[in-house]
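Data block for upload_3.pdb (PDB, C-alpha atoms and all ligand atoms):
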ATOM      1  CA  MET A   1      20.731 -19.206   3.395
ATOM      2  CA  ASN A   2      18.455 -17.888   0.673
ATOM      3  CA  THR A   3      20.581 -17.045  -2.364
ATOM      4  CA  ALA A   4      17.806 -14.937  -3.904
ATOM      5  CA  VAL A   5      18.474 -12.266  -1.276
ATOM      6  CA  PRO A   6      21.762 -10.533  -2.116
ATOM      7  CA  PRO A   7      23.425  -9.240   1.042
ATOM      8  CA  GLU A   8      24.584  -6.080  -0.746
ATOM      9  CA  ALA A   9      20.957  -5.093  -1.414
ATOM     10  CA  LEU A  10      20.323  -3.671   2.048
ATOM     11  CA  HIS A  11      20.316  -0.053   0.908
ATOM     12  CA  GLU A  12      18.418  -0.441  -2.296
ATOM     13  CA  ILE A  13      15.003  -1.737  -3.155
ATOM     14  CA  VAL A  14      15.258  -5.258  -4.516
ATOM     15  CA  HIS A  15      13.364  -6.018  -7.743
ATOM     16  CA  VAL A  16      12.169  -9.528  -8.502
ATOM     17  CA  GLY A  17      10.352 -11.030 -11.471
ATOM     18  CA  PRO A  18       6.733 -12.176 -11.242
ATOM     19  CA  ASP A  19       7.732 -15.856 -11.292
ATOM     20  CA  THR A  20      10.100 -15.607  -8.335
ATOM     21  CA  PRO A  21       9.122 -18.132  -5.639
ATOM     22  CA  VAL A  22       6.981 -16.398  -3.032
ATOM     23  CA  GLU A  23       9.294 -17.721  -0.287
ATOM     24  CA  ASP A  24      12.132 -15.702  -1.843
ATOM     25  CA  MET A  25       9.939 -12.599  -2.039
ATOM     26  CA  LEU A  26       9.042 -13.087   1.614
ATOM     27  CA  ALA A  27      12.694 -13.359   2.619
ATOM     28  CA  ILE A  28      13.381  -9.993   0.985
ATOM     29  CA  TYR A  29      10.297  -8.421   2.568
ATOM     30  CA  ARG A  30      11.239  -9.711   6.011
ATOM     31  CA  ARG A  31      14.758  -8.344   5.689
ATOM     32  CA  ASP A  32      14.080  -4.975   3.969
ATOM     33  CA  GLY A  33      10.391  -4.287   4.683
ATOM     34  CA  VAL A  34       9.969  -3.617   0.960
ATOM     35  CA  LEU A  35      10.347  -5.199  -2.475
ATOM     36  CA  ILE A  36       9.262  -4.530  -6.039
ATOM     37  CA  VAL A  37       7.710  -7.208  -8.227
ATOM     38  CA  ASP A  38       8.213  -6.214 -11.863
ATOM     39  CA  GLY A  39       5.664  -7.020 -14.547
ATOM     40  CA  LEU A  40       2.974  -8.413 -12.236
ATOM     41  CA  ALA A  41       0.286  -6.614 -14.261
ATOM     42  CA  ASP A  42       0.423  -7.095 -18.033
ATOM     43  CA  GLU A  43       0.211  -4.319 -20.637
ATOM     44  CA  ASP A  44      -3.513  -4.751 -21.319
ATOM     45  CA  THR A  45      -4.322  -4.561 -17.621
ATOM     46  CA  VAL A  46      -2.265  -1.397 -17.223
ATOM     47  CA  ALA A  47      -3.932   0.181 -20.258
ATOM     48  CA  ALA A  48      -7.393  -0.685 -18.876
ATOM     49  CA  LEU A  49      -6.456   0.692 -15.457
ATOM     50  CA  ARG A  50      -5.215   3.929 -16.982
ATOM     51  CA  SER A  51      -8.461   4.417 -18.833
ATOM     52  CA  GLU A  52     -10.754   3.429 -15.902
ATOM     53  CA  LEU A  53      -8.835   5.599 -13.429
ATOM     54  CA  GLN A  54      -8.893   8.705 -15.607
ATOM     55  CA  GLY A  55     -12.408   9.838 -14.598
ATOM     56  CA  PRO A  56     -12.057   9.227 -10.838
ATOM     57  CA  VAL A  57      -8.648  10.931 -10.765
ATOM     58  CA  GLU A  58      -9.879  13.953 -12.739
ATOM     59  CA  ARG A  59     -12.841  14.315 -10.378
ATOM     60  CA  ALA A  60     -10.723  13.825  -7.238
ATOM     61  CA  ALA A  61     -10.015  16.742  -4.960
ATOM     62  CA  THR A  62      -6.505  17.719  -3.938
ATOM     63  CA  HIS A  63      -5.679  18.495  -0.321
ATOM     64  CA  ASP A  64      -3.204  20.624   1.553
ATOM     65  CA  GLY A  65      -0.274  19.694   3.724
ATOM     66  CA  PHE A  66       0.682  16.067   4.181
ATOM     67  CA  LEU A  67      -1.655  14.808   1.447
ATOM     68  CA  GLY A  68      -0.159  17.156  -1.146
ATOM     69  CA  GLY A  69      -1.658  20.245  -2.804
ATOM     70  CA  ARG A  70      -0.813  18.877  -6.270
ATOM     71  CA  THR A  71      -1.732  15.278  -5.593
ATOM     72  CA  ALA A  72      -5.147  13.938  -6.589
ATOM     73  CA  ARG A  73      -6.479  10.967  -4.629
ATOM     74  CA  ALA A  74      -9.452   8.851  -5.655
ATOM     75  CA  GLY A  75     -10.822   6.022  -3.497
ATOM     76  CA  ALA A  76     -13.649   3.461  -3.777
ATOM     77  CA  LEU A  77     -11.639   1.670  -6.451
ATOM     78  CA  ILE A  78     -13.093  -1.793  -5.934
ATOM     79  CA  ALA A  79     -16.550  -0.463  -6.770
ATOM     80  CA  GLU A  80     -15.543   1.990  -9.490
ATOM     81  CA  VAL A  81     -12.525   0.468 -11.214
ATOM     82  CA  PRO A  82     -13.270  -3.149 -12.213
ATOM     83  CA  THR A  83      -9.720  -3.779 -13.452
ATOM     84  CA  CYS A  84      -8.356  -3.278  -9.945
ATOM     85  CA  ARG A  85     -10.330  -6.319  -8.732
ATOM     86  CA  PRO A  86      -8.122  -9.106 -10.106
ATOM     87  CA  LEU A  87      -5.073  -7.165  -8.902
ATOM     88  CA  ALA A  88      -6.536  -6.789  -5.403
ATOM     89  CA  MET A  89      -6.727 -10.580  -5.198
ATOM     90  CA  HIS A  90      -3.729 -11.436  -7.384
ATOM     91  CA  PRO A  91      -2.500 -14.899  -6.289
ATOM     92  CA  VAL A  92       1.078 -13.691  -5.799
ATOM     93  CA  ILE A  93      -0.103 -10.812  -3.596
ATOM     94  CA  LEU A  94      -2.405 -13.084  -1.565
ATOM     95  CA  GLN A  95       0.339 -15.685  -1.033
ATOM     96  CA  LEU A  96       2.719 -12.956   0.070
ATOM     97  CA  LEU A  97       0.144 -11.535   2.459
ATOM     98  CA  ASP A  98      -0.510 -15.025   3.880
ATOM     99  CA  GLY A  99       3.185 -15.258   4.635
ATOM    100  CA  ILE A 100       3.436 -11.739   6.045
ATOM    101  CA  PHE A 101       0.372 -11.749   8.277
ATOM    102  CA  GLY A 102       0.852 -15.403   9.140
ATOM    103  CA  ARG A 103      -1.375 -18.307   8.303
ATOM    104  CA  GLY A 104      -4.597 -18.152  10.247
ATOM    105  CA  SER A 105      -4.129 -14.459  11.021
ATOM    106  CA  ARG A 106      -6.302 -12.894   8.415
ATOM    107  CA  PHE A 107      -6.074  -9.667   6.452
ATOM    108  CA  GLN A 108      -8.610  -7.438   4.730
ATOM    109  CA  VAL A 109      -8.614  -4.578   2.259
ATOM    110  CA  ASN A 110      -7.663  -1.498   4.253
ATOM    111  CA  ALA A 111      -7.873   1.240   1.647
ATOM    112  CA  THR A 112      -7.849   1.696  -2.116
ATOM    113  CA  GLN A 113      -6.500   4.870  -3.623
ATOM    114  CA  ALA A 114      -5.385   6.092  -7.019
ATOM    115  CA  ILE A 115      -2.654   8.644  -6.330
ATOM    116  CA  ALA A 116      -1.743  11.072  -9.108
ATOM    117  CA  VAL A 117       1.283  13.170  -8.144
ATOM    118  CA  HIS A 118       1.198  16.151 -10.496
ATOM    119  CA  PRO A 119       4.168  18.166 -11.817
ATOM    120  CA  GLY A 120       5.423  20.689  -9.285
ATOM    121  CA  GLU A 121       4.429  18.600  -6.257
ATOM    122  CA  ALA A 122       6.957  18.634  -3.404
ATOM    123  CA  ALA A 123       8.159  15.483  -1.658
ATOM    124  CA  GLN A 124       5.723  14.159   0.932
ATOM    125  CA  MET A 125       6.848  13.873   4.544
ATOM    126  CA  LEU A 126       8.211  10.416   5.342
ATOM    127  CA  HIS A 127       5.860   8.426   7.541
ATOM    128  CA  ARG A 128       4.634   4.970   8.524
ATOM    129  CA  ASP A 129       1.214   3.753   7.409
ATOM    130  CA  ARG A 130       0.716   2.028  10.782
ATOM    131  CA  TRP A 131       0.444   5.449  12.405
ATOM    132  CA  VAL A 132      -3.282   5.613  11.581
ATOM    133  CA  TRP A 133      -3.705   3.192  14.522
ATOM    134  CA  ARG A 134      -1.300   5.058  16.781
ATOM    135  CA  ALA A 135      -4.069   5.359  19.411
ATOM    136  CA  LEU A 136      -3.685   1.605  20.032
ATOM    137  CA  PRO A 137      -0.800   0.284  22.141
ATOM    138  CA  LEU A 138       0.235  -2.181  19.421
ATOM    139  CA  ALA A 139       3.536  -4.036  19.725
ATOM    140  CA  PRO A 140       6.105  -2.531  17.307
ATOM    141  CA  ASP A 141       6.496  -5.887  15.545
ATOM    142  CA  PHE A 142       2.746  -6.365  15.029
ATOM    143  CA  GLU A 143       2.159  -6.099  11.268
ATOM    144  CA  CYS A 144      -0.809  -3.738  11.005
ATOM    145  CA  VAL A 145      -0.832  -3.008   7.313
ATOM    146  CA  VAL A 146       0.933  -3.812   4.052
ATOM    147  CA  ASN A 147       0.689  -1.442   1.114
ATOM    148  CA  CYS A 148       0.950  -2.428  -2.542
ATOM    149  CA  ILE A 149       1.370   0.489  -4.945
ATOM    150  CA  TRP A 150       0.887  -0.561  -8.536
ATOM    151  CA  ALA A 151       2.692   1.600 -11.087
ATOM    152  CA  VAL A 152       0.133   2.735 -13.649
ATOM    153  CA  ASP A 153       2.719   5.150 -15.080
ATOM    154  CA  ASN A 154       6.453   4.609 -14.987
ATOM    155  CA  PHE A 155       7.753   5.587 -11.560
ATOM    156  CA  SER A 156      11.004   7.537 -12.000
ATOM    157  CA  ALA A 157      12.877   9.471  -9.320
ATOM    158  CA  SER A 158      12.164  12.780 -11.081
ATOM    159  CA  ALA A 159       8.455  12.034 -11.596
ATOM    160  CA  GLY A 160       7.584  11.334  -7.956
ATOM    161  CA  ALA A 161       8.441   7.667  -7.397
ATOM    162  CA  THR A 162       7.641   6.731  -3.807
ATOM    163  CA  ARG A 163      10.678   7.311  -1.564
ATOM    164  CA  ILE A 164      11.258   4.336   0.713
ATOM    165  CA  VAL A 165      13.763   3.675   3.482
ATOM    166  CA  PRO A 166      14.658  -0.026   3.101
ATOM    167  CA  GLY A 167      15.352  -1.743   6.398
ATOM    168  CA  SER A 168      13.573   0.961   8.399
ATOM    169  CA  VAL A 169      11.014  -1.354   9.999
ATOM    170  CA  ASP A 170      13.083  -1.589  13.185
ATOM    171  CA  LEU A 171      13.808   2.132  13.511
ATOM    172  CA  PRO A 172      11.981   3.798  16.390
ATOM    173  CA  ASP A 173       9.227   6.371  15.964
ATOM    174  CA  PRO A 174      10.288  10.011  16.025
ATOM    175  CA  GLN A 175       9.236  12.098  18.991
ATOM    176  CA  ASP A 176       7.350  14.455  16.676
ATOM    177  CA  PRO A 177       5.765  12.787  13.613
ATOM    178  CA  ARG A 178       5.155  16.272  12.117
ATOM    179  CA  GLY A 179       8.915  16.647  11.684
ATOM    180  CA  ASN A 180      11.247  19.544  12.461
ATOM    181  CA  GLU A 181      11.381  22.917  10.672
ATOM    182  CA  ASP A 182      13.174  21.238   7.739
ATOM    183  CA  GLY A 183      10.479  18.576   7.453
ATOM    184  CA  GLU A 184      12.859  15.941   8.840
ATOM    185  CA  LEU A 185      11.740  13.244  11.275
ATOM    186  CA  VAL A 186      14.206  13.215  14.150
ATOM    187  CA  LEU A 187      14.734   9.904  15.944
ATOM    188  CA  PRO A 188      15.546   9.568  19.657
ATOM    189  CA  ASP A 189      19.286   9.114  18.863
ATOM    190  CA  GLY A 190      19.343  12.453  17.000
ATOM    191  CA  THR A 191      19.602  10.959  13.494
ATOM    192  CA  THR A 192      16.951  11.765  10.930
ATOM    193  CA  VAL A 193      14.913   9.071   9.222
ATOM    194  CA  SER A 194      16.088  10.238   5.784
ATOM    195  CA  SER A 195      19.732   9.837   6.855
ATOM    196  CA  HIS A 196      18.999   6.097   6.959
ATOM    197  CA  GLY A 197      18.655   6.218   3.165
ATOM    198  CA  ALA A 198      15.442   7.076   1.317
ATOM    199  CA  VAL A 199      15.498   5.346  -2.074
ATOM    200  CA  PRO A 200      13.092   6.134  -4.947
ATOM    201  CA  ALA A 201      11.001   3.074  -5.818
ATOM    202  CA  GLU A 202      11.735   3.380  -9.515
ATOM    203  CA  MET A 203       9.716   0.885 -11.538
ATOM    204  CA  SER A 204       8.015   0.458 -14.867
ATOM    205  CA  ASP A 205       4.271   0.444 -15.304
ATOM    206  CA  GLY A 206       2.838  -2.937 -14.363
ATOM    207  CA  ALA A 207       5.222  -3.336 -11.435
ATOM    208  CA  VAL A 208       4.127  -3.179  -7.812
ATOM    209  CA  VAL A 209       6.049  -1.983  -4.775
ATOM    210  CA  ILE A 210       5.060  -3.830  -1.607
ATOM    211  CA  TYR A 211       6.044  -2.379   1.751
ATOM    212  CA  SER A 212       5.292  -2.828   5.404
ATOM    213  CA  GLY A 213       3.213  -0.381   7.407
ATOM    214  CA  SER A 214       6.328   0.037   9.558
ATOM    215  CA  THR A 215       8.547   1.029   6.613
ATOM    216  CA  TYR A 216       9.204   4.756   6.404
ATOM    217  CA  HIS A 217       8.193   6.156   3.013
ATOM    218  CA  GLY A 218       6.502   9.076   1.262
ATOM    219  CA  ALA A 219       5.591  10.141  -2.261
ATOM    220  CA  GLY A 220       8.504  11.750  -4.109
ATOM    221  CA  ALA A 221       8.614  15.265  -5.579
ATOM    222  CA  ASN A 222       7.442  15.456  -9.176
ATOM    223  CA  ASP A 223       9.950  17.589 -11.101
ATOM    224  CA  SER A 224       8.852  16.222 -14.476
ATOM    225  CA  ASP A 225       6.221  17.482 -16.930
ATOM    226  CA  LEU A 226       3.896  14.519 -16.491
ATOM    227  CA  PRO A 227       1.724  13.244 -13.665
ATOM    228  CA  ARG A 228       2.699  10.036 -11.881
ATOM    229  CA  LEU A 229      -0.228   7.706 -11.383
ATOM    230  CA  GLY A 230      -0.050   4.872  -8.884
ATOM    231  CA  MET A 231      -2.779   2.640  -7.468
ATOM    232  CA  ALA A 232      -2.374   1.887  -3.783
ATOM    233  CA  LEU A 233      -4.168  -1.213  -2.498
ATOM    234  CA  ALA A 234      -3.459  -1.664   1.188
ATOM    235  CA  TYR A 235      -4.324  -4.628   3.417
ATOM    236  CA  ALA A 236      -4.685  -4.561   7.179
ATOM    237  CA  SER A 237      -4.908  -7.138   9.910
ATOM    238  CA  VAL A 238      -8.579  -8.092  10.334
ATOM    239  CA  PRO A 239      -9.168  -6.869  13.921
ATOM    240  CA  LEU A 240      -8.193  -3.299  12.973
ATOM    241  CA  ARG A 241     -10.696  -0.756  11.714
ATOM    242  CA  GLN A 242     -10.277  -0.281   7.970
ATOM    243  CA  GLU A 243      -8.939   3.128   6.996
ATOM    244  CA  GLU A 244     -11.344   3.457   4.058
ATOM    245  CA  ASN A 245     -14.864   2.444   5.036
ATOM    246  CA  GLN A 246     -15.310  -0.537   2.748
ATOM    247  CA  TYR A 247     -18.955  -1.196   3.692
ATOM    248  CA  LEU A 248     -19.947   2.259   2.420
ATOM    249  CA  VAL A 249     -17.751   2.372  -0.685
ATOM    250  CA  VAL A 250     -18.489  -1.271  -1.569
ATOM    251  CA  PRO A 251     -22.101  -1.552  -0.385
ATOM    252  CA  PRO A 252     -23.896  -4.924  -0.460
ATOM    253  CA  GLU A 253     -25.479  -4.311  -3.887
ATOM    254  CA  VAL A 254     -21.980  -3.890  -5.363
ATOM    255  CA  ALA A 255     -20.359  -6.593  -3.225
ATOM    256  CA  ARG A 256     -22.952  -9.117  -4.375
ATOM    257  CA  GLU A 257     -21.487  -8.931  -7.901
ATOM    258  CA  LEU A 258     -17.889  -9.529  -6.781
ATOM    259  CA  PRO A 259     -16.045 -12.861  -6.646
ATOM    260  CA  GLU A 260     -16.304 -14.474  -3.220
ATOM    261  CA  THR A 261     -12.591 -14.025  -2.513
ATOM    262  CA  LEU A 262     -12.973 -10.287  -2.959
ATOM    263  CA  GLN A 263     -16.198 -10.138  -0.935
ATOM    264  CA  LYS A 264     -14.291 -11.692   1.940
ATOM    265  CA  LEU A 265     -11.259  -9.442   1.470
ATOM    266  CA  VAL A 266     -13.446  -6.347   1.513
ATOM    267  CA  GLY A 267     -14.733  -7.441   4.904
ATOM    268  CA  TYR A 268     -17.955  -9.349   4.298
ATOM    269  CA  GLU A 269     -16.728 -12.266   6.346
ATOM    270  CA  LEU A 270     -16.591 -13.027  10.026
ATOM    271  CA  GLY A 271     -13.213 -12.082  11.370
ATOM    272  CA  HIS A 272     -11.594 -14.124  14.139
ATOM    273  CA  SER A 273     -14.699 -15.819  15.552
ATOM    274  CA  THR A 274     -17.436 -13.166  15.869
ATOM    275  CA  LEU A 275     -15.990  -9.883  14.580
ATOM    276  CA  GLY A 276     -18.469  -8.243  12.243
ATOM    277  CA  PHE A 277     -21.417 -10.539  12.858
ATOM    278  CA  VAL A 278     -24.903  -9.687  11.579
ATOM    279  CA  GLN A 279     -28.327 -10.597  12.960
ATOM    280  CA  ASP A 280     -28.214 -13.675  15.193
ATOM    281  CA  MET A 281     -24.421 -14.120  15.086
ATOM    282  CA  GLN A 282     -24.269 -14.863  11.387
ATOM    283  CA  SER A 283     -21.523 -14.128   8.929
ATOM    284  CA  PRO A 284     -22.150 -10.966   6.847
ATOM    285  CA  MET A 285     -21.764 -13.266   3.823
ATOM    286  CA  THR A 286     -25.300 -14.516   4.538
ATOM    287  CA  LEU A 287     -26.654 -11.061   3.628
ATOM    288  CA  LEU A 288     -24.920 -11.138   0.250
ATOM    289  CA  ARG A 289     -26.601 -14.346  -0.839
TER     290      ARG A 289
HETATM  291  O1  LIG A 301       1.914   7.787  -3.662
HETATM  292  C1  LIG A 301       2.937   7.474  -3.070
HETATM  293  O2  LIG A 301       4.006   7.313  -3.642
HETATM  294  C2  LIG A 301       2.904   7.246  -1.566
HETATM  295  C3  LIG A 301       1.804   8.015  -0.905
HETATM  296  C4  LIG A 301       1.756   7.843   0.570
HETATM  297  O3  LIG A 301       2.592   7.225   1.188
HETATM  298  C5  LIG A 301       0.638   8.420   1.317
HETATM  299  O4  LIG A 301      -0.097   9.254   0.779
HETATM  300  O5  LIG A 301       0.475   8.077   2.512
END
Could you write out this file's structure as structure tokens?
Amino acid sequence: MNTAVPPEALHEIVHVGPDTPVEDMLAIYRRDGVLIVDGLADEDTVAALRSELQGPVERAATHDGFLGGRTARAGALIAEVPTCRPLAMHPVILQLLDGIFGRGSRFQVNATQAIAVHPGEAAQMLHRDRWVWRALPLAPDFECVVNCIWAVDNFSASAGATRIVPGSVDLPDPQDPRGNEDGELVLPDGTTVSSHGAVPAEMSDGAVVIYSGSTYHGAGANDSDLPRLGMALAYASVPLRQEENQYLVVPPEVARELPETLQKLVGYELGHSTLGFVQDMQSPMTLLR
């Protein structure tokens, strides 16, 4: 029995400190499909992130519907935001991902996105990140993707903290992922996903919320006067197509300057034997040298 996992925590998001043993973090993740690690990025890193993200977020377009008319989204962060690089390969995150995806079953950067939820934004529809691969007949317990949203601003319930349904990994998919007329996802037993308890992932800047691609979640409404900036770095199982095209947003001339661990995470490595080979069956790493 792992004492670091309080049984009463099932309907809240468990916070742990950055020095918590990774095995304890994994036990929480496996039970709840979500956890928050407080203080994983220090103050200087957060300040640098805030300043480097300002330009990309100001230039970013907003979108309608699911993506949010008052939410700005900027990608290509590994190329454009150097301070995100050490966070993308933070040892605690990589150890957690090793445990989640399983040793030997590799993971890669799936997408990078700064998400600024501006005042007046409504709550986003709950959803599962794994749905981007819904065309594939993947087993429900196959871990497609894990998202890590770093709080660049404080995430409070009123300022759009991500709403997460802890323990929702095993819930079924709704018949209609677009929801009913009230924006509710209705499950086959007639209950709604939100009735299973959507909890705001409240956290201070420098914390990171880590959740499974099977965990129902969505950005919260921002009823405050300030934008809420988060940096989502998601990782997917290597055989899946990356959601953000890493080879175009991190082209070889940029990748060449990155640490090798990050080059491999971005996708410049052979995956499971021959996936992604170049020329005469060589690793793409050969073209970066
Ligand atoms: O920014 C957030 O809090 C979550 C956003 C999200 O889940 C999405 O856009 O798919």
Go through the shown structure with the PyMOL selection byres (((chain A and resi 71) around 7) and not hetatm) and write out the matching residues as a tab-separated table (two decimals) with C-alpha atoms, in the frame of the given file.
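Result saved to result-v1.tsv:
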chain	number	residue	atom	x	y	z
A	62	THR	CA	-6.50	17.72	-3.94
A	68	GLY	CA	-0.16	17.16	-1.15
A	69	GLY	CA	-1.66	20.24	-2.80
A	70	ARG	CA	-0.81	18.88	-6.27
A	72	ALA	CA	-5.15	13.94	-6.59
A	73	ARG	CA	-6.48	10.97	-4.63
A	115	ILE	CA	-2.65	8.64	-6.33
A	116	ALA	CA	-1.74	11.07	-9.11
A	117	VAL	CA	1.28	13.17	-8.14
A	118	HIS	CA	1.20	16.15	-10.50
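Remark: for Arg85 (chain A), the closest of the candidate residues A:Ala61, A:Val109, A:Met203, A:Thr162 is A:Val109 (distances computed over only C-alpha atoms).
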Name the residues, using the chain letters and numbers of the file, that sit within 8 Å of (-4.9, 7.2, -0.6) when counting all atoms listed in the file, and give them as number ranges by chain. A: 73-75, 111-115, 232
Set the distance at 6 Å and use only C-alpha atoms: which residues neighbour region 45-59 of chain A once local chain neighbours fewer than 4 positions away are removed? I'd like the list as a PyMOL selection string. chain A and resi 74+81+83+152
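Within the 12 Å cut-off around Glu260 (chain A), using only C-alpha atoms and omitting residues fewer than 3 positions from it on the same chain, the listed residues are Arg85, Pro86, Met89, Ala255, Arg256, Glu257, Gln263, Lys264, Leu265, Val266, Gly267, Tyr268, Glu269, Met285, Thr286, Leu288 and Arg289 of chain A.
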Evaluated on this file, the PyMOL selection byres (((not hetatm)) within 9 of (chain A and resi 301)) picks out some residues - which ones are they, written as a ChimeraX atom specification? /A:66-68,71,73,113-117,124-129,147,149,155,160-164,201,216-220,228-232
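Shown here are all protein and nucleic acid residues lying within 9 Å of (11.7, 11.8, 11.7), with only C-alpha atoms considered: Met125, Leu126, His127, Asp173, Pro174, Gln175, Asp176, Pro177, Arg178, Gly179, Asn180, Gly183, Glu184, Leu185, Val186, Leu187, Thr191, Thr192, Val193 and Ser194 of chain A.
Distances to Thr215 (chain A) were evaluated for A:Gln108, A:Gln95, A:Ser156, A:Ser168 using only C-alpha atoms, and the minimum falls at A:Ser168.
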Residue contacts of Tyr29 (chain A) (10 Å, all atoms listed in the file) excluding same-chain residues fewer than 6 positions away, as a ChimeraX atom specification: /A:5,13-14,23,35-36,96,100,166-167,210-212
If you measure from CA of Asp42 (chain A) to CA of Asn110 (chain A), what distance in Å do you get, rounded to one decimal? 24.4 Å
Starting from the displayed file, determine the output of the PyMOL selection byres (((chain A and resi 241) around 12) and not hetatm) and express the residue list as an MDAnalysis selection string. chainID A and resid 107:111 130 132:133 135:136 144:145 235:240 242:247 266:267 271 275:276
Nearest to Trp131 (chain A) among A:Ser214, A:Asn154, A:Ser204, A:Thr20, with distances taken over only C-alpha atoms: which residue is it? A:Ser214
I need the residue nearest Pro252 (chain A) from this list: A:Ala207, A:Val169, A:Val278, A:Leu287. Use all atoms listed in the file for the distance. A:Leu287
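Take the candidates A:Asp170, A:Asp38, A:Glu181, A:Glu80 and check each one against Asp205 (chain A) using all atoms listed in the file; the shortest distance goes to A:Asp38.
Shortest separation to Gly190 (chain A) among A:Gly33, A:Glu143, A:Glu202, A:Pro172 occurs at residue A:Pro172, atoms counted being only C-alpha atoms.
Going from CA of Gly39 (chain A) to CA of Gly206 (chain A) covers 5.0 Å.
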Centre, x/y/z edge lengths, axis-aligned box for region 175-182 of chain A with 4 Å per side, as JSON:
{"center_x": 9.2, "center_y": 17.5, "center_z": 13.4, "size_x": 16.0, "size_y": 18.8, "size_z": 19.3}
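Going from CA of Val209 (chain A) to CA of Leu262 (chain A) covers 20.8 Å.
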